[in-house]
Amino acid sequence: TGKLRGLCGFHVDDGLMTGDAYFYSIMNKIAKRITFGKRQKIQFVFCGVRIKQLPDFTVELDQENAIDQILYIDVDSKRSDGDSCTSKEVTHLRGRLGSVLYVTGNTRPFESYIVSHLSAFTTEAKVTHLRQINKVIKHLKSTKDFRLRYVKIDGPLICYSFFDSNFKKERDAGSQTGSVTLIGSPLTSDGYFYFNLLRWSSRRTR
């Protein structure tokens, strides 16, 4: 009849499903043929992201546990910011950037720029970059209770996209482009709208 009954998505061996009673009756039949290791609902972890559904069906996402596991890089307070990093320190920097990038890509839009910015210095990293990534980690830990929240919005729904660039203000006179995509309600007469955040990015502009 064209009515949406359910959705499911998979990444390797993690599955995420939502739907009505009919949808789950079909999935239960599939589960008799394909063994699922564990099934959880209301609150669970999917690909490192903790997902929680509230009584009003609002959905919250966070990576508090992942943030807890990101360690600071040890830096001697006597070292100059301009000192070059050792190969071991560069490895530590790359690892921390990867961990922070995974968090920012899923649930933390705010740190997208600084991760992209610092990633450009890994081949010629200085002590200052170690201290900067430590500041980012400190900020993540101090705000780890942040939740990305998705609420019900009455239709019709509209997709909004916003882009901006800082022309030739980045390293080597390069440019950086930030973008955000929202799904939301039409604008009200006084210029307001309700929205859910769909995606975001901050990256060097080619």
# chains A, B, ... in the order shown; residues from 1 in each chain; ligands from 1
$ residues_around --residues "A:Glu111" --least-positions-apart "2" --cutoff "10 Å" --atoms "only C-alpha atoms" --output "tab-separated table (two decimals) with N, CA and C atoms, in the first residue's frame"
chain	number	residue	atom	x	y	z
A	100	VAL	N	39.15	10.81	18.36
A	100	VAL	CA	38.29	12.00	18.43
A	100	VAL	C	37.47	12.13	17.15
A	101	LEU	N	38.07	11.79	16.01
A	101	LEU	CA	37.35	11.87	14.74
A	101	LEU	C	36.15	10.93	14.73
A	103	VAL	N	34.37	10.02	17.28
A	103	VAL	CA	33.34	10.61	18.14
A	103	VAL	C	32.67	11.78	17.44
A	104	THR	N	33.48	12.67	16.84
A	104	THR	CA	32.90	13.85	16.19
A	104	THR	C	32.06	13.45	14.97
A	105	GLY	N	32.42	12.36	14.32
A	105	GLY	CA	31.68	11.94	13.14
A	105	GLY	C	30.31	11.37	13.45
A	108	ARG	N	29.28	14.29	17.89
A	108	ARG	CA	29.84	15.54	18.42
A	108	ARG	C	30.20	16.49	17.28
A	109	PRO	N	29.26	17.30	16.81
A	109	PRO	CA	29.56	18.23	15.70
A	109	PRO	C	30.58	19.30	16.08
A	113	TYR	N	35.83	20.89	13.39
A	113	TYR	CA	36.84	21.77	12.78
A	113	TYR	C	38.23	21.49	13.33
A	114	ILE	N	38.38	21.47	14.65
A	114	ILE	CA	39.72	21.36	15.22
A	114	ILE	C	40.37	20.03	14.87
A	115	VAL	N	39.58	18.95	14.75
A	115	VAL	CA	40.15	17.66	14.37
A	115	VAL	C	40.66	17.72	12.93
A	116	SER	N	39.87	18.31	12.05
A	116	SER	CA	40.30	18.47	10.66
A	116	SER	C	41.55	19.34	10.58
A	136	VAL	N	41.54	19.40	23.39
A	136	VAL	CA	40.32	18.88	22.78
A	136	VAL	C	39.78	17.72	23.62
A	137	ILE	N	40.68	16.82	24.03
A	137	ILE	CA	40.27	15.67	24.84
A	137	ILE	C	39.70	16.14	26.18
A	139	HIS	N	38.22	18.97	26.74
A	139	HIS	CA	36.89	19.53	26.46
A	139	HIS	C	35.86	18.42	26.29
A	140	LEU	N	36.23	17.36	25.57
A	140	LEU	CA	35.31	16.23	25.38
A	140	LEU	C	34.91	15.63	26.71
A	201	SER	N	30.00	18.48	8.69
A	201	SER	CA	31.39	18.22	8.32
A	201	SER	C	32.18	19.52	8.33
A	202	SER	N	33.49	19.37	8.50
A	202	SER	CA	34.43	20.49	8.38
A	202	SER	C	35.68	19.92	7.76
$ atom_distance --atom1 "atom CA of A:Gly82" --atom2 "atom CA of A:Ile133"
15.1 Å
$ select_by_dssp --residues "stretch 39-165 of chain A" --states "strand (DSSP E)" --output "list in words"
Gln43, Phe44, Val45, Phe46, Val49, Arg50, Ile51, Lys52, Gln53, Val59, Glu60, Leu61, Asp62, Leu148, Arg149, Tyr150, Ile158, Cys159, Tyr160, Ser161, Phe162, Phe163, Asp164 and Ser165 of chain A
$ residues_around --residues "stretch 77-81 of chain A" --least-positions-apart "2" --cutoff "7 Å" --atoms "only C-alpha atoms" --output "JSON list (two decimals) with N, CA and C atoms, in the first residue's frame"
[["chain", "number", "residue", "atom", "x", "y", "z"],
["A", 75, "VAL", "N", 53.10, 15.04, 27.92],
["A", 75, "VAL", "CA", 53.97, 16.07, 27.36],
["A", 75, "VAL", "C", 54.72, 16.74, 28.51],
["A", 83, "ASP", "N", 59.10, 22.54, 19.49],
["A", 83, "ASP", "CA", 59.89, 21.32, 19.35],
["A", 83, "ASP", "C", 59.17, 20.33, 18.44],
["A", 126, "LYS", "N", 54.37, 19.30, 15.86],
["A", 126, "LYS", "CA", 55.15, 19.95, 16.91],
["A", 126, "LYS", "C", 54.50, 19.67, 18.27],
["A", 127, "VAL", "N", 55.22, 20.01, 19.32],
["A", 127, "VAL", "CA", 54.70, 19.81, 20.67],
["A", 127, "VAL", "C", 53.40, 20.58, 20.88],
["A", 128, "THR", "N", 53.29, 21.74, 20.24],
["A", 128, "THR", "CA", 52.06, 22.53, 20.37],
["A", 128, "THR", "C", 50.83, 21.75, 19.93]]
$ closest_atom_pairs --of "stretch 23-42 of chain A" --to "stretch 1-5 of chain A" --cutoff "12 Å" --atoms "only C-alpha atoms" --output "Markdown table"
| residue | atom | partner | partner_atom | distance |
| --- | --- | --- | --- | --- |
| A:Phe23 | CA | A:Arg5 | CA | 5.7 |
| A:Tyr24 | CA | A:Arg5 | CA | 9.2 |
| A:Ser25 | CA | A:Arg5 | CA | 11.0 |
| A:Ile26 | CA | A:Arg5 | CA | 10.5 |
| A:Met27 | CA | A:Arg5 | CA | 11.6 |
$ atom_distance --atom1 "atom CA of A:Phe146" --atom2 "atom CA of A:Asp68"
13.2 Å
$ atom_distance --atom1 "atom CA of A:His129" --atom2 "atom CA of A:Asp172"
16.5 Å
$ closest_residue --among "A:Thr122, A:Thr188, A:Ser175, A:Ser99" --to "A:Thr86" --atoms "only C-alpha atoms"
A:Thr122
$ residues_around --residues "A:Thr181" --least-positions-apart "5" --cutoff "10 Å" --atoms "only C-alpha atoms" --output "NGL selection string"
:A and (159-163 or 195-201)
$ write_last_selection --atoms "N, CA, C and O atoms" --output "short mmCIF file (atom, residue, chain, number, x, y, z; two decimals), in the first residue's frame"
data_model
loop_
_atom_site.label_atom_id
_atom_site.label_comp_id
_atom_site.auth_asym_id
_atom_site.auth_seq_id
_atom_site.Cartn_x
_atom_site.Cartn_y
_atom_site.Cartn_z
N CYS A 159 14.23 19.80 4.03
CA CYS A 159 15.67 19.61 4.22
C CYS A 159 16.38 20.95 4.04
O CYS A 159 16.19 21.63 3.02
N TYR A 160 17.16 21.34 5.03
CA TYR A 160 17.91 22.58 4.99
C TYR A 160 19.40 22.25 4.98
O TYR A 160 19.85 21.42 5.76
N SER A 161 20.17 22.92 4.14
CA SER A 161 21.63 22.75 4.13
C SER A 161 22.29 24.12 4.21
O SER A 161 21.87 25.07 3.54
N PHE A 162 23.32 24.21 5.03
CA PHE A 162 24.08 25.45 5.20
C PHE A 162 25.56 25.16 4.98
O PHE A 162 26.08 24.16 5.49
N PHE A 163 26.23 26.02 4.22
CA PHE A 163 27.65 25.86 3.93
C PHE A 163 28.34 27.21 4.10
O PHE A 163 27.74 28.25 3.86
N PHE A 195 14.03 21.48 14.14
CA PHE A 195 14.80 20.61 13.25
C PHE A 195 15.55 19.52 14.02
O PHE A 195 15.76 19.61 15.22
N ASN A 196 15.93 18.49 13.27
CA ASN A 196 16.86 17.46 13.74
C ASN A 196 18.11 17.53 12.87
O ASN A 196 18.02 17.77 11.66
N LEU A 197 19.25 17.32 13.49
CA LEU A 197 20.54 17.40 12.80
C LEU A 197 20.80 16.08 12.07
O LEU A 197 20.82 15.02 12.69
N LEU A 198 21.01 16.15 10.76
CA LEU A 198 21.24 14.94 9.98
C LEU A 198 22.73 14.66 9.79
O LEU A 198 23.19 13.54 9.95
N ARG A 199 23.50 15.67 9.38
CA ARG A 199 24.92 15.45 9.14
C ARG A 199 25.66 16.78 9.22
O ARG A 199 25.06 17.84 9.12
N TRP A 200 26.97 16.66 9.38
CA TRP A 200 27.82 17.84 9.51
C TRP A 200 29.22 17.48 9.09
O TRP A 200 29.62 16.31 9.12
N SER A 201 30.00 18.48 8.69
CA SER A 201 31.39 18.22 8.32
C SER A 201 32.18 19.52 8.33
O SER A 201 31.63 20.62 8.20
#
$ closest_residue --among "A:Cys8, A:Ser87, A:Thr107, A:Tyr194" --to "A:Glu64" --atoms "only C-alpha atoms"
A:Thr107
$ residues_around --residues "A:Asp14" --least-positions-apart "5" --cutoff "10 Å" --atoms "only C-alpha atoms" --output "compact mmCIF listing (two decimals) with N, CA and C atoms, in the first residue's frame"
# COMPACT_ATOMS: atom_id res chain seq x y z
N GLY A 9 19.11 -1.44 9.23
CA GLY A 9 20.42 -1.17 8.66
C GLY A 9 21.46 -2.02 9.35
N PHE A 36 20.67 -14.41 15.74
CA PHE A 36 21.15 -13.14 16.29
C PHE A 36 21.80 -13.43 17.65
N GLY A 37 23.01 -12.89 17.87
CA GLY A 37 23.70 -13.14 19.13
C GLY A 37 23.00 -12.51 20.31
N LYS A 38 22.53 -11.30 20.14
CA LYS A 38 21.90 -10.58 21.24
C LYS A 38 20.95 -9.54 20.67
N VAL A 45 23.93 -0.27 22.56
CA VAL A 45 25.07 0.32 21.87
C VAL A 45 25.11 -0.22 20.45
N PHE A 46 25.23 0.67 19.49
CA PHE A 46 25.32 0.30 18.07
C PHE A 46 26.57 0.95 17.49
N CYS A 47 27.53 0.13 17.09
CA CYS A 47 28.79 0.62 16.51
C CYS A 47 29.46 1.66 17.42
$ select_by_dssp --residues "chain A" --states "helix (DSSP H, G or I)" --output "CSV table (one decimal) with N, CA, C and O atoms, in the first residue's frame"
chain,number,residue,atom,x,y,z
A,21,ALA,N,4.4,-3.4,14.5
A,21,ALA,CA,4.3,-4.8,14.9
A,21,ALA,C,4.4,-5.8,13.7
A,21,ALA,O,5.0,-6.9,13.8
A,22,TYR,N,3.9,-5.4,12.6
A,22,TYR,CA,4.0,-6.2,11.4
A,22,TYR,C,5.5,-6.4,11.0
A,22,TYR,O,5.9,-7.5,10.7
A,23,PHE,N,6.2,-5.3,11.0
A,23,PHE,CA,7.7,-5.4,10.7
A,23,PHE,C,8.4,-6.4,11.6
A,23,PHE,O,9.1,-7.2,11.1
A,24,TYR,N,8.1,-6.3,12.9
A,24,TYR,CA,8.8,-7.2,13.8
A,24,TYR,C,8.4,-8.6,13.7
A,24,TYR,O,9.1,-9.6,14.0
A,25,SER,N,7.1,-8.9,13.3
A,25,SER,CA,6.7,-10.2,13.1
A,25,SER,C,7.5,-10.9,11.9
A,25,SER,O,7.8,-12.1,12.0
A,26,ILE,N,7.8,-10.1,10.9
A,26,ILE,CA,8.6,-10.5,9.8
A,26,ILE,C,10.1,-10.8,10.3
A,26,ILE,O,10.7,-11.8,9.9
A,27,MET,N,10.6,-9.8,11.1
A,27,MET,CA,12.0,-10.0,11.6
A,27,MET,C,12.1,-11.2,12.5
A,27,MET,O,13.1,-11.9,12.5
A,28,ASN,N,11.1,-11.5,13.2
A,28,ASN,CA,11.1,-12.7,14.1
A,28,ASN,C,11.2,-14.0,13.3
A,28,ASN,O,11.8,-15.0,13.7
A,29,LYS,N,10.6,-14.0,12.1
A,29,LYS,CA,10.7,-15.1,11.2
A,29,LYS,C,12.1,-15.3,10.7
A,29,LYS,O,12.6,-16.4,10.6
A,30,ILE,N,12.7,-14.1,10.3
A,30,ILE,CA,14.1,-14.1,9.8
A,30,ILE,C,15.0,-14.6,10.9
A,30,ILE,O,16.0,-15.3,10.7
A,31,ALA,N,14.7,-14.2,12.2
A,31,ALA,CA,15.6,-14.6,13.3
A,31,ALA,C,15.6,-16.1,13.5
A,31,ALA,O,16.5,-16.6,14.2
A,32,LYS,N,14.6,-16.8,13.0
A,32,LYS,CA,14.6,-18.3,13.2
A,32,LYS,C,15.6,-18.9,12.2
A,32,LYS,O,16.0,-20.1,12.4
A,33,ARG,N,15.9,-18.2,11.1
A,33,ARG,CA,16.8,-18.7,10.1
A,33,ARG,C,18.2,-18.2,10.3
A,33,ARG,O,19.2,-18.8,9.9
A,64,GLU,N,29.7,8.6,25.5
A,64,GLU,CA,30.3,8.8,26.8
A,64,GLU,C,31.4,7.8,27.1
A,64,GLU,O,32.5,8.2,27.6
A,65,ASN,N,31.1,6.5,26.9
A,65,ASN,CA,32.1,5.5,27.2
A,65,ASN,C,33.3,5.6,26.3
A,65,ASN,O,34.4,5.4,26.7
A,66,ALA,N,33.1,5.9,25.0
A,66,ALA,CA,34.2,6.1,24.1
A,66,ALA,C,35.1,7.2,24.5
A,66,ALA,O,36.3,7.2,24.4
A,67,ILE,N,34.5,8.3,24.9
A,67,ILE,CA,35.3,9.5,25.4
A,67,ILE,C,36.1,9.2,26.6
A,67,ILE,O,37.2,9.6,26.8
A,68,ASP,N,35.5,8.4,27.5
A,68,ASP,CA,36.2,8.0,28.7
A,68,ASP,C,37.5,7.2,28.4
A,68,ASP,O,38.5,7.3,29.2
A,87,SER,N,58.8,10.2,16.6
A,87,SER,CA,58.0,9.3,15.8
A,87,SER,C,56.9,8.7,16.7
A,87,SER,O,55.8,8.4,16.3
A,88,LYS,N,57.3,8.4,18.0
A,88,LYS,CA,56.3,7.8,18.9
A,88,LYS,C,55.2,8.8,19.2
A,88,LYS,O,54.0,8.4,19.3
A,89,GLU,N,55.6,10.0,19.4
A,89,GLU,CA,54.6,11.1,19.7
A,89,GLU,C,53.6,11.3,18.5
A,89,GLU,O,52.4,11.5,18.7
A,90,VAL,N,54.2,11.2,17.3
A,90,VAL,CA,53.3,11.3,16.1
A,90,VAL,C,52.3,10.2,16.0
A,90,VAL,O,51.2,10.4,15.7
A,91,THR,N,52.8,9.0,16.4
A,91,THR,CA,51.9,7.8,16.4
A,91,THR,C,50.8,8.1,17.5
A,91,THR,O,49.6,7.8,17.2
A,92,HIS,N,51.1,8.6,18.6
A,92,HIS,CA,50.1,8.9,19.7
A,92,HIS,C,49.2,10.0,19.1
A,92,HIS,O,47.9,9.9,19.4
A,93,LEU,N,49.7,11.0,18.5
A,93,LEU,CA,48.8,12.1,17.9
A,93,LEU,C,47.8,11.5,16.9
A,93,LEU,O,46.6,11.8,17.0
A,94,ARG,N,48.3,10.7,16.0
A,94,ARG,CA,47.4,10.1,15.0
A,94,ARG,C,46.4,9.2,15.7
A,94,ARG,O,45.2,9.3,15.3
A,95,GLY,N,46.7,8.5,16.7
A,95,GLY,CA,45.8,7.7,17.4
A,95,GLY,C,44.7,8.5,18.1
A,95,GLY,O,43.5,8.2,18.0
A,96,ARG,N,45.1,9.6,18.7
A,96,ARG,CA,44.1,10.4,19.4
A,96,ARG,C,43.2,11.1,18.4
A,96,ARG,O,42.0,11.2,18.6
A,97,LEU,N,43.8,11.6,17.3
A,97,LEU,CA,43.0,12.2,16.3
A,97,LEU,C,41.9,11.2,15.7
A,97,LEU,O,40.8,11.6,15.5
A,98,GLY,N,42.4,10.0,15.5
A,98,GLY,CA,41.4,9.0,15.0
A,98,GLY,C,40.3,8.7,16.0
A,98,GLY,O,39.1,8.6,15.6
A,99,SER,N,40.6,8.6,17.3
A,99,SER,CA,39.6,8.4,18.3
A,99,SER,C,38.6,9.6,18.4
A,99,SER,O,37.4,9.4,18.4
A,100,VAL,N,39.2,10.8,18.4
A,100,VAL,CA,38.3,12.0,18.4
A,100,VAL,C,37.5,12.1,17.1
A,100,VAL,O,36.3,12.5,17.2
A,101,LEU,N,38.1,11.8,16.0
A,101,LEU,CA,37.4,11.9,14.7
A,101,LEU,C,36.1,10.9,14.7
A,101,LEU,O,35.1,11.3,14.2
A,102,TYR,N,36.3,9.7,15.3
A,102,TYR,CA,35.2,8.8,15.4
A,102,TYR,C,34.0,9.3,16.2
A,102,TYR,O,32.9,9.2,15.8
A,103,VAL,N,34.4,10.0,17.3
A,103,VAL,CA,33.3,10.6,18.1
A,103,VAL,C,32.7,11.8,17.4
A,103,VAL,O,31.4,11.9,17.4
A,104,THR,N,33.5,12.7,16.8
A,104,THR,CA,32.9,13.8,16.2
A,104,THR,C,32.1,13.5,15.0
A,104,THR,O,31.1,14.1,14.6
A,105,GLY,N,32.4,12.4,14.3
A,105,GLY,CA,31.7,11.9,13.1
A,105,GLY,C,30.3,11.4,13.4
A,105,GLY,O,29.4,11.3,12.6
A,106,ASN,N,30.1,10.9,14.7
A,106,ASN,CA,28.9,10.3,15.1
A,106,ASN,C,27.9,11.1,15.9
A,106,ASN,O,26.7,11.1,15.7
A,109,PRO,N,29.3,17.3,16.8
A,109,PRO,CA,29.6,18.2,15.7
A,109,PRO,C,30.6,19.3,16.1
A,109,PRO,O,31.3,19.8,15.2
A,110,PHE,N,30.6,19.7,17.4
A,110,PHE,CA,31.4,20.8,17.8
A,110,PHE,C,32.9,20.8,17.5
A,110,PHE,O,33.5,21.8,17.3
A,111,GLU,N,33.4,19.6,17.6
A,111,GLU,CA,34.9,19.4,17.5
A,111,GLU,C,35.3,19.1,16.1
A,111,GLU,O,36.5,18.8,15.8
A,112,SER,N,34.4,19.1,15.1
A,112,SER,CA,34.8,18.7,13.7
A,112,SER,C,35.9,19.6,13.1
A,112,SER,O,36.8,19.1,12.5
A,113,TYR,N,35.8,20.9,13.4
A,113,TYR,CA,36.8,21.8,12.8
A,113,TYR,C,38.2,21.5,13.3
A,113,TYR,O,39.2,21.3,12.6
A,114,ILE,N,38.4,21.5,14.6
A,114,ILE,CA,39.7,21.4,15.2
A,114,ILE,C,40.4,20.0,14.9
A,114,ILE,O,41.6,20.0,14.7
A,115,VAL,N,39.6,19.0,14.8
A,115,VAL,CA,40.1,17.7,14.4
A,115,VAL,C,40.7,17.7,12.9
A,115,VAL,O,41.8,17.3,12.6
A,116,SER,N,39.9,18.3,12.1
A,116,SER,CA,40.3,18.5,10.7
A,116,SER,C,41.6,19.3,10.6
A,116,SER,O,42.5,19.0,9.8
A,117,HIS,N,41.6,20.4,11.4
A,117,HIS,CA,42.7,21.3,11.4
A,117,HIS,C,44.0,20.7,11.8
A,117,HIS,O,45.0,20.7,11.2
A,118,LEU,N,43.9,20.0,13.0
A,118,LEU,CA,45.1,19.3,13.5
A,118,LEU,C,45.6,18.2,12.7
A,118,LEU,O,46.8,17.9,12.6
A,119,SER,N,44.7,17.5,12.0
A,119,SER,CA,45.1,16.4,11.1
A,119,SER,C,46.0,16.8,10.0
A,119,SER,O,46.8,16.0,9.5
A,122,THR,N,50.1,16.3,11.0
A,122,THR,CA,50.6,15.0,11.5
A,122,THR,C,52.0,14.7,10.9
A,122,THR,O,52.8,14.1,11.6
A,123,THR,N,52.3,15.1,9.7
A,123,THR,CA,53.5,14.8,9.1
A,123,THR,C,54.7,15.7,9.6
A,123,THR,O,55.8,15.3,9.4
A,124,GLU,N,54.3,16.8,10.2
A,124,GLU,CA,55.4,17.7,10.7
A,124,GLU,C,54.9,18.3,12.1
A,124,GLU,O,55.0,19.4,12.4
A,127,VAL,N,55.2,20.0,19.3
A,127,VAL,CA,54.7,19.8,20.7
A,127,VAL,C,53.4,20.6,20.9
A,127,VAL,O,52.5,20.1,21.6
A,128,THR,N,53.3,21.7,20.2
A,128,THR,CA,52.1,22.5,20.4
A,128,THR,C,50.8,21.8,19.9
A,128,THR,O,49.7,21.9,20.5
A,129,HIS,N,51.0,20.9,18.9
A,129,HIS,CA,49.9,20.1,18.4
A,129,HIS,C,49.5,19.0,19.4
A,129,HIS,O,48.3,18.7,19.6
A,130,LEU,N,50.4,18.5,20.2
A,130,LEU,CA,50.1,17.5,21.2
A,130,LEU,C,49.3,18.2,22.3
A,130,LEU,O,48.3,17.7,22.8
A,131,ARG,N,49.7,19.4,22.7
A,131,ARG,CA,49.0,20.2,23.7
A,131,ARG,C,47.6,20.6,23.2
A,131,ARG,O,46.6,20.6,24.0
A,132,GLN,N,47.5,20.9,21.9
A,132,GLN,CA,46.2,21.2,21.4
A,132,GLN,C,45.2,20.0,21.4
A,132,GLN,O,44.0,20.2,21.8
A,133,ILE,N,45.7,18.8,21.0
A,133,ILE,CA,44.8,17.7,21.1
A,133,ILE,C,44.4,17.3,22.5
A,133,ILE,O,43.3,16.9,22.8
A,134,ASN,N,45.3,17.5,23.4
A,134,ASN,CA,45.0,17.3,24.8
A,134,ASN,C,43.9,18.3,25.3
A,134,ASN,O,43.0,17.9,26.1
A,135,LYS,N,43.9,19.5,24.8
A,135,LYS,CA,42.8,20.4,25.2
A,135,LYS,C,41.5,20.0,24.6
A,135,LYS,O,40.5,20.1,25.3
A,136,VAL,N,41.5,19.4,23.4
A,136,VAL,CA,40.3,18.9,22.8
A,136,VAL,C,39.8,17.7,23.6
A,136,VAL,O,38.6,17.6,23.9
A,137,ILE,N,40.7,16.8,24.0
A,137,ILE,CA,40.3,15.7,24.8
A,137,ILE,C,39.7,16.1,26.2
A,137,ILE,O,38.7,15.6,26.7
A,138,LYS,N,40.3,17.1,26.8
A,138,LYS,CA,39.8,17.7,28.0
A,138,LYS,C,38.4,18.3,27.9
A,138,LYS,O,37.6,18.1,28.7
A,139,HIS,N,38.2,19.0,26.7
A,139,HIS,CA,36.9,19.5,26.5
A,139,HIS,C,35.9,18.4,26.3
A,139,HIS,O,34.7,18.5,26.8
A,140,LEU,N,36.2,17.4,25.6
A,140,LEU,CA,35.3,16.2,25.4
A,140,LEU,C,34.9,15.6,26.7
A,140,LEU,O,33.7,15.4,27.0
A,141,LYS,N,35.9,15.4,27.6
A,141,LYS,CA,35.6,14.8,28.9
A,141,LYS,C,34.8,15.7,29.8
A,141,LYS,O,33.9,15.2,30.5
A,142,SER,N,35.0,17.0,29.7
A,142,SER,CA,34.2,17.9,30.5
A,142,SER,C,32.8,18.1,30.0
A,142,SER,O,31.9,18.6,30.8
A,171,ARG,N,46.0,26.6,6.9
A,171,ARG,CA,47.4,26.2,6.7
A,171,ARG,C,47.7,26.3,5.2
A,171,ARG,O,47.0,25.8,4.4
A,172,ASP,N,48.9,26.9,4.9
A,172,ASP,CA,49.3,27.0,3.5
A,172,ASP,C,48.3,27.8,2.7
A,172,ASP,O,48.1,27.6,1.5
A,173,ALA,N,47.7,28.8,3.3
A,173,ALA,CA,46.7,29.6,2.6
A,173,ALA,C,45.5,28.8,2.0
A,173,ALA,O,44.9,29.3,1.1
$ closest_residue --among "A:Asp62, A:Asp164, A:Asp56, A:Asp76" --to "A:Lys152" --atoms "only C-alpha atoms"
A:Asp56
$ residues_around --residues "stretch 154-158 of chain A" --least-positions-apart "6" --cutoff "7 Å" --atoms "only C-alpha atoms" --output "PDB file with C-alpha atoms, in the first residue's frame"
ATOM      1  CA  ILE A 183      15.552  18.081   8.535  1.00  0.00           C
ATOM      2  CA  GLY A 184      12.870  20.305   9.959  1.00  0.00           C
ATOM      3  CA  SER A 185       9.544  22.038   9.855  1.00  0.00           C
ATOM      4  CA  PRO A 186       8.648  24.954   7.567  1.00  0.00           C
TER       5      PRO A 186
END
$ closest_residue --among "A:Leu54, A:Ile34, A:Val59, A:Val180" --to "A:Tyr150" --atoms "only C-alpha atoms"
A:Val59
